[in-house]
$ cat data-v2.txt   # compact mmCIF, C-alpha atoms
# COMPACT_ATOMS: atom_id res chain seq x y z
CA ALA D 1 -3.05 24.60 -0.87
CA PRO D 2 -5.14 25.06 2.28
CA ARG D 3 -6.09 21.36 2.11
CA PHE D 4 -2.46 20.38 2.73
CA ARG D 5 -1.73 22.79 5.60
CA LEU D 6 -0.53 21.02 8.72
CA LEU D 7 -0.38 22.33 12.26
CA THR D 8 3.06 22.02 13.79
CA ASP D 9 1.73 20.45 16.97
CA PRO D 10 4.09 17.88 18.50
CA PHE D 11 3.06 14.26 18.06
CA ASP D 12 4.10 11.00 19.65
CA TYR D 13 5.62 8.17 17.70
CA ARG D 14 6.62 4.63 18.54
CA GLU D 15 9.80 2.97 17.38
CA GLU D 16 10.31 -0.77 17.54
CA SER D 17 13.69 -2.20 16.57
CA THR D 18 13.80 -5.27 14.36
CA PRO D 19 16.46 -7.99 14.52
CA GLU D 20 19.75 -6.91 12.95
CA VAL D 21 20.21 -8.18 9.40
CA SER D 22 23.11 -6.01 8.25
CA LYS D 23 26.32 -4.57 9.67
CA ARG D 24 25.72 -1.28 7.82
CA VAL D 25 21.94 -0.72 8.15
CA SER D 26 19.48 -0.97 11.04
CA ILE D 27 15.73 -1.24 10.49
CA SER D 28 12.95 -0.27 12.85
CA LYS D 29 9.18 0.00 12.66
CA ILE D 30 7.79 3.48 13.25
CA THR D 31 4.15 4.34 13.95
CA PHE D 32 2.52 7.70 14.60
CA PRO D 33 -1.02 9.07 14.47
CA SER D 34 -2.27 10.39 11.15
CA PRO D 35 -3.29 14.05 11.38
CA ILE D 36 -6.54 12.97 9.64
CA LYS D 37 -9.04 10.85 11.53
CA THR D 38 -11.19 8.57 9.39
CA THR D 39 -13.99 6.16 10.27
CA SER D 40 -11.51 3.29 9.84
CA GLU D 41 -9.57 3.07 13.11
CA GLN D 42 -6.82 0.98 11.46
CA ASN D 43 -6.21 3.73 8.90
CA ASN D 44 -5.64 6.37 11.57
CA THR D 45 -2.17 5.10 12.46
CA VAL D 46 0.67 5.61 9.98
CA HIS D 47 3.01 2.62 9.64
CA CYS D 48 6.57 3.06 8.41
CA GLU D 49 9.79 1.10 8.14
CA TYR D 50 12.90 3.13 8.93
CA TYR D 51 16.15 2.06 7.23
CA ARG D 52 19.02 3.82 8.96
CA PRO D 53 22.65 3.69 7.85
CA LYS D 54 25.09 3.21 10.70
CA SER D 55 27.02 6.48 10.65
CA ASP D 56 28.84 8.76 13.08
CA LYS D 57 27.57 11.93 11.41
CA PRO D 58 24.15 13.23 10.29
CA VAL D 59 23.02 11.76 6.97
CA PRO D 60 20.52 12.81 4.29
CA ALA D 61 17.08 11.20 4.52
CA VAL D 62 14.32 10.29 2.09
CA ILE D 63 10.68 9.23 2.35
CA VAL D 64 9.98 6.22 0.12
CA LEU D 65 6.46 5.70 -1.26
CA HIS D 66 5.06 2.48 -2.71
CA ILE D 67 3.25 1.70 -5.96
CA LEU D 68 -0.53 1.53 -6.52
CA GLY D 69 -0.58 -2.26 -6.21
CA GLY D 70 0.93 -1.96 -2.75
CA ASP D 71 3.87 -4.20 -3.60
CA PHE D 72 5.96 -3.43 -0.56
CA PRO D 73 9.00 -5.53 -1.59
CA LEU D 74 9.84 -2.98 -4.33
CA ALA D 75 9.73 -0.07 -1.87
CA ARG D 76 11.80 -2.08 0.62
CA VAL D 77 14.49 -2.73 -2.00
CA PHE D 78 14.80 1.00 -2.69
CA ALA D 79 14.74 1.93 1.03
CA ASN D 80 17.47 -0.60 1.79
CA MET D 81 19.61 0.57 -1.15
CA PHE D 82 19.33 4.20 -0.02
CA ALA D 83 20.46 3.18 3.48
CA GLU D 84 23.29 1.01 2.12
CA HIS D 85 24.52 4.15 0.32
CA GLY D 86 24.37 6.41 3.39
CA VAL D 87 20.85 7.87 3.10
CA ALA D 88 18.28 7.17 5.83
CA ALA D 89 15.02 5.98 4.26
CA LEU D 90 11.54 6.04 5.77
CA PHE D 91 9.23 3.71 3.83
CA LEU D 92 5.73 5.08 4.51
CA LYS D 93 2.61 2.99 3.92
CA MET D 94 -0.07 5.25 2.49
CA PRO D 95 -3.73 5.33 3.63
CA TYR D 96 -5.66 2.07 3.34
CA TYR D 97 -2.52 0.01 2.55
CA GLY D 98 -0.81 -2.67 4.62
CA GLU D 99 -1.63 -2.49 8.31
CA ARG D 100 -3.83 0.52 7.57
CA ARG D 101 -6.27 -1.51 5.44
CA ASP D 102 -9.37 -2.88 7.18
CA PRO D 103 -10.04 -6.21 5.42
CA MET D 104 -13.75 -5.81 6.23
CA SER D 105 -14.01 -2.43 4.48
CA PRO D 106 -14.11 -1.76 0.72
CA ARG D 107 -12.57 1.71 1.27
CA ARG D 108 -9.27 2.36 -0.53
CA MET D 109 -7.03 5.41 -1.06
CA ILE D 110 -7.85 5.51 -4.77
CA SER D 111 -11.57 5.04 -5.34
CA LYS D 112 -14.18 5.16 -8.09
CA ASN D 113 -15.67 7.93 -5.97
CA PRO D 114 -13.62 11.10 -6.68
CA ARG D 115 -14.44 12.57 -3.25
CA GLU D 116 -12.98 9.49 -1.52
CA THR D 117 -9.86 9.71 -3.70
CA VAL D 118 -9.35 13.37 -2.76
CA GLU D 119 -9.80 12.49 0.93
CA GLY D 120 -7.30 9.61 0.66
CA MET D 121 -4.75 11.72 -1.19
CA THR D 122 -5.16 14.58 1.31
CA GLN D 123 -4.52 12.19 4.18
CA ALA D 124 -1.45 10.79 2.41
CA ILE D 125 0.05 14.27 1.91
CA LEU D 126 -0.51 15.23 5.54
CA ASP D 127 0.95 11.89 6.68
CA ILE D 128 4.03 12.60 4.53
CA ARG D 129 4.35 16.07 6.02
CA ARG D 130 4.27 14.54 9.50
CA ALA D 131 6.85 11.94 8.41
CA THR D 132 9.05 14.80 7.21
CA ALA D 133 8.81 16.39 10.66
CA PHE D 134 9.78 13.03 12.20
CA LEU D 135 12.88 12.77 10.00
CA ALA D 136 13.87 16.41 10.59
CA SER D 137 13.77 15.80 14.35
CA ARG D 138 16.18 12.84 14.28
CA GLU D 139 19.73 13.52 15.49
CA GLU D 140 21.18 11.11 12.90
CA VAL D 141 19.49 13.05 10.04
CA ASP D 142 20.66 16.26 8.39
CA PRO D 143 17.38 18.27 8.34
CA ASP D 144 18.64 20.34 5.39
CA GLN D 145 18.93 17.24 3.19
CA LEU D 146 15.45 15.73 3.09
CA GLY D 147 13.81 14.20 0.05
CA ILE D 148 11.04 12.05 -1.31
CA PHE D 149 11.10 9.10 -3.72
CA GLY D 150 8.12 7.41 -5.35
CA ILE D 151 7.11 5.26 -8.30
CA SER D 152 3.60 4.97 -9.78
CA LEU D 153 1.10 6.07 -7.10
CA GLY D 154 4.10 6.98 -4.96
CA GLY D 155 5.36 9.26 -7.73
CA ILE D 156 2.02 11.04 -8.06
CA THR D 157 1.65 11.39 -4.30
CA GLY D 158 5.29 12.40 -3.91
CA GLY D 159 4.84 15.18 -6.47
CA LEU D 160 1.94 16.64 -4.50
CA ALA D 161 3.82 16.28 -1.23
CA ALA D 162 6.90 18.01 -2.66
CA THR D 163 4.83 21.07 -3.58
CA SER D 164 3.29 21.17 -0.09
CA GLU D 165 6.28 20.46 2.14
CA PRO D 166 9.12 23.02 1.86
CA ARG D 167 11.60 20.81 3.75
CA LEU D 168 11.56 18.27 0.91
CA ASN D 169 14.24 19.63 -1.40
CA ASN D 170 15.43 16.43 -3.11
CA ILE D 171 12.71 14.85 -5.23
CA CYS D 172 12.87 11.73 -7.39
CA LEU D 173 9.61 10.67 -9.00
$ encode --input "data-v2.txt" --output "structure tokens"
Amino acid sequence: APRFRLLTDPFDYREESTPEVSKRVSISKITFPSPIKTTSEQNNTVHCEYYRPKSDKPVPAVIVLHILGGDFPLARVFANMFAEHGVAALFLKMPYYGERRDPMSPRRMISKNPRETVEGMTQAILDIRRATAFLASREEVDPDQLGIFGISLGGITGGLAATSEPRLNNICL
């Protein structure tokens, strides 16, 4: 759909390593600008956690999406398990969740206002497309083995993203 088209302009990202907690998996925090600019400055930066298996060869990779309630521990469990089994996992926090949520604003990704929900979902899909480009650019990732995983809101959003992003060829909703 035209709404989900994304320019292939290069973008900057930041990666911050976290203390090592496993001999088989490293975790880092990734941020990059959302391709959609909203009135909420906090929401305009995408926050991710990157779970990377320690491997000598390129590995498959998956984007992990969270549930409607924003319970990040569930997404983290899945991301860590993917990495423990040799699949790099990028846990992406969707618009208006986590660090992207302005505590002073009532705005959320899913709203009683259908227009706001469409805007939030559109931003999420474009953020996921940019996250896919990030994963495809990584030397430790096999760009031909990219996927998406989501439960609840993550499943709905992942389904839309999978129809919009041709590089996502492994889908689990």
$ axis_aligned_box --input "data-v2.txt" --around "region 55-67 of chain D" --padding-each-side "3 Å" --output "JSON"
{"center_x": 16.0, "center_y": 7.5, "center_z": 3.6, "size_x": 31.6, "size_y": 17.5, "size_z": 25.0}
$ closest_atom_pairs --input "data-v2.txt" --of "region 65-135 of chain D" --to "region 8-12 of chain D" --cutoff "10 Å" --atoms "all atoms listed in the file" --output "CSV"
residue,atom,partner,partner_atom,distance
D:Arg129,CA,D:Thr8,CA,9.9
D:Arg130,CA,D:Phe11,CA,8.6
D:Ala133,CA,D:Thr8,CA,8.6
D:Phe134,CA,D:Phe11,CA,9.0
$ closest_residue --input "data-v2.txt" --among "D:Lys93, D:Arg101, D:Lys54, D:Arg115" --to "Phe32 (chain D)" --atoms "all atoms listed in the file"
D:Lys93
$ residues_around --input "data-v2.txt" --residues "region 144-160 of chain D" --least-positions-apart "4" --cutoff "7 Å" --atoms "all atoms listed in the file" --output "PyMOL selection string"
chain D and resi 60-68+164+167-173
$ residues_around --input "data-v2.txt" --residues "region 139-143 of chain D" --least-positions-apart "4" --cutoff "9 Å" --atoms "only C-alpha atoms" --output "list in words"
Arg52, Ser55, Asp56, Lys57, Pro58, Val59, Pro60, Ala61, Val87, Ala88, Leu135 and Arg167 of chain D
$ build_atoms --input "data-v2.txt" --residues "region 142-166 of chain D" --atoms "N, CA and C atoms" --output "CSV table (one decimal), keeping the file's coordinate frame"
chain,number,residue,atom,x,y,z
D,142,ASP,N,20.4,14.9,8.7
D,142,ASP,CA,20.7,16.3,8.4
D,142,ASP,C,19.3,16.9,7.9
D,143,PRO,N,18.7,17.7,8.7
D,143,PRO,CA,17.4,18.3,8.3
D,143,PRO,C,17.4,19.1,7.1
D,144,ASP,N,18.6,19.5,6.6
D,144,ASP,CA,18.6,20.3,5.4
D,144,ASP,C,18.8,19.5,4.1
D,145,GLN,N,18.8,18.2,4.3
D,145,GLN,CA,18.9,17.2,3.2
D,145,GLN,C,17.8,16.2,3.2
D,146,LEU,N,16.6,16.6,3.1
D,146,LEU,CA,15.4,15.7,3.1
D,146,LEU,C,14.9,15.6,1.7
D,147,GLY,N,14.4,14.4,1.4
D,147,GLY,CA,13.8,14.2,0.0
D,147,GLY,C,12.7,13.2,0.1
D,148,ILE,N,12.1,13.0,-1.1
D,148,ILE,CA,11.0,12.0,-1.3
D,148,ILE,C,11.3,11.3,-2.6
D,149,PHE,N,10.9,10.0,-2.6
D,149,PHE,CA,11.1,9.1,-3.7
D,149,PHE,C,9.8,8.3,-3.9
D,150,GLY,N,9.3,8.2,-5.1
D,150,GLY,CA,8.1,7.4,-5.4
D,150,GLY,C,8.0,7.0,-6.8
D,151,ILE,N,7.4,5.8,-7.0
D,151,ILE,CA,7.1,5.3,-8.3
D,151,ILE,C,5.6,5.0,-8.4
D,152,SER,N,5.0,5.2,-9.6
D,152,SER,CA,3.6,5.0,-9.8
D,152,SER,C,2.8,5.9,-8.9
D,153,LEU,N,1.9,5.3,-8.0
D,153,LEU,CA,1.1,6.1,-7.1
D,153,LEU,C,2.0,6.9,-6.2
D,154,GLY,N,3.1,6.3,-5.8
D,154,GLY,CA,4.1,7.0,-5.0
D,154,GLY,C,4.7,8.2,-5.7
D,155,GLY,N,4.9,8.1,-7.0
D,155,GLY,CA,5.4,9.3,-7.7
D,155,GLY,C,4.3,10.4,-7.8
D,156,ILE,N,3.1,10.0,-8.0
D,156,ILE,CA,2.0,11.0,-8.1
D,156,ILE,C,1.9,11.7,-6.7
D,157,THR,N,1.8,10.9,-5.7
D,157,THR,CA,1.6,11.4,-4.3
D,157,THR,C,2.9,12.2,-3.9
D,158,GLY,N,4.1,11.7,-4.2
D,158,GLY,CA,5.3,12.4,-3.9
D,158,GLY,C,5.4,13.8,-4.6
D,159,GLY,N,4.9,13.9,-5.8
D,159,GLY,CA,4.8,15.2,-6.5
D,159,GLY,C,4.0,16.2,-5.7
D,160,LEU,N,2.8,15.7,-5.3
D,160,LEU,CA,1.9,16.6,-4.5
D,160,LEU,C,2.6,17.0,-3.2
D,161,ALA,N,3.2,16.0,-2.5
D,161,ALA,CA,3.8,16.3,-1.2
D,161,ALA,C,5.0,17.3,-1.4
D,162,ALA,N,5.7,17.1,-2.5
D,162,ALA,CA,6.9,18.0,-2.7
D,162,ALA,C,6.5,19.5,-2.8
D,163,THR,N,5.3,19.7,-3.4
D,163,THR,CA,4.8,21.1,-3.6
D,163,THR,C,4.2,21.6,-2.3
D,164,SER,N,3.9,20.8,-1.3
D,164,SER,CA,3.3,21.2,-0.1
D,164,SER,C,4.2,21.2,1.1
D,165,GLU,N,5.4,20.6,1.0
D,165,GLU,CA,6.3,20.5,2.1
D,165,GLU,C,7.6,21.1,1.8
D,166,PRO,N,7.9,22.3,2.3
D,166,PRO,CA,9.1,23.0,1.9
D,166,PRO,C,10.4,22.4,2.3
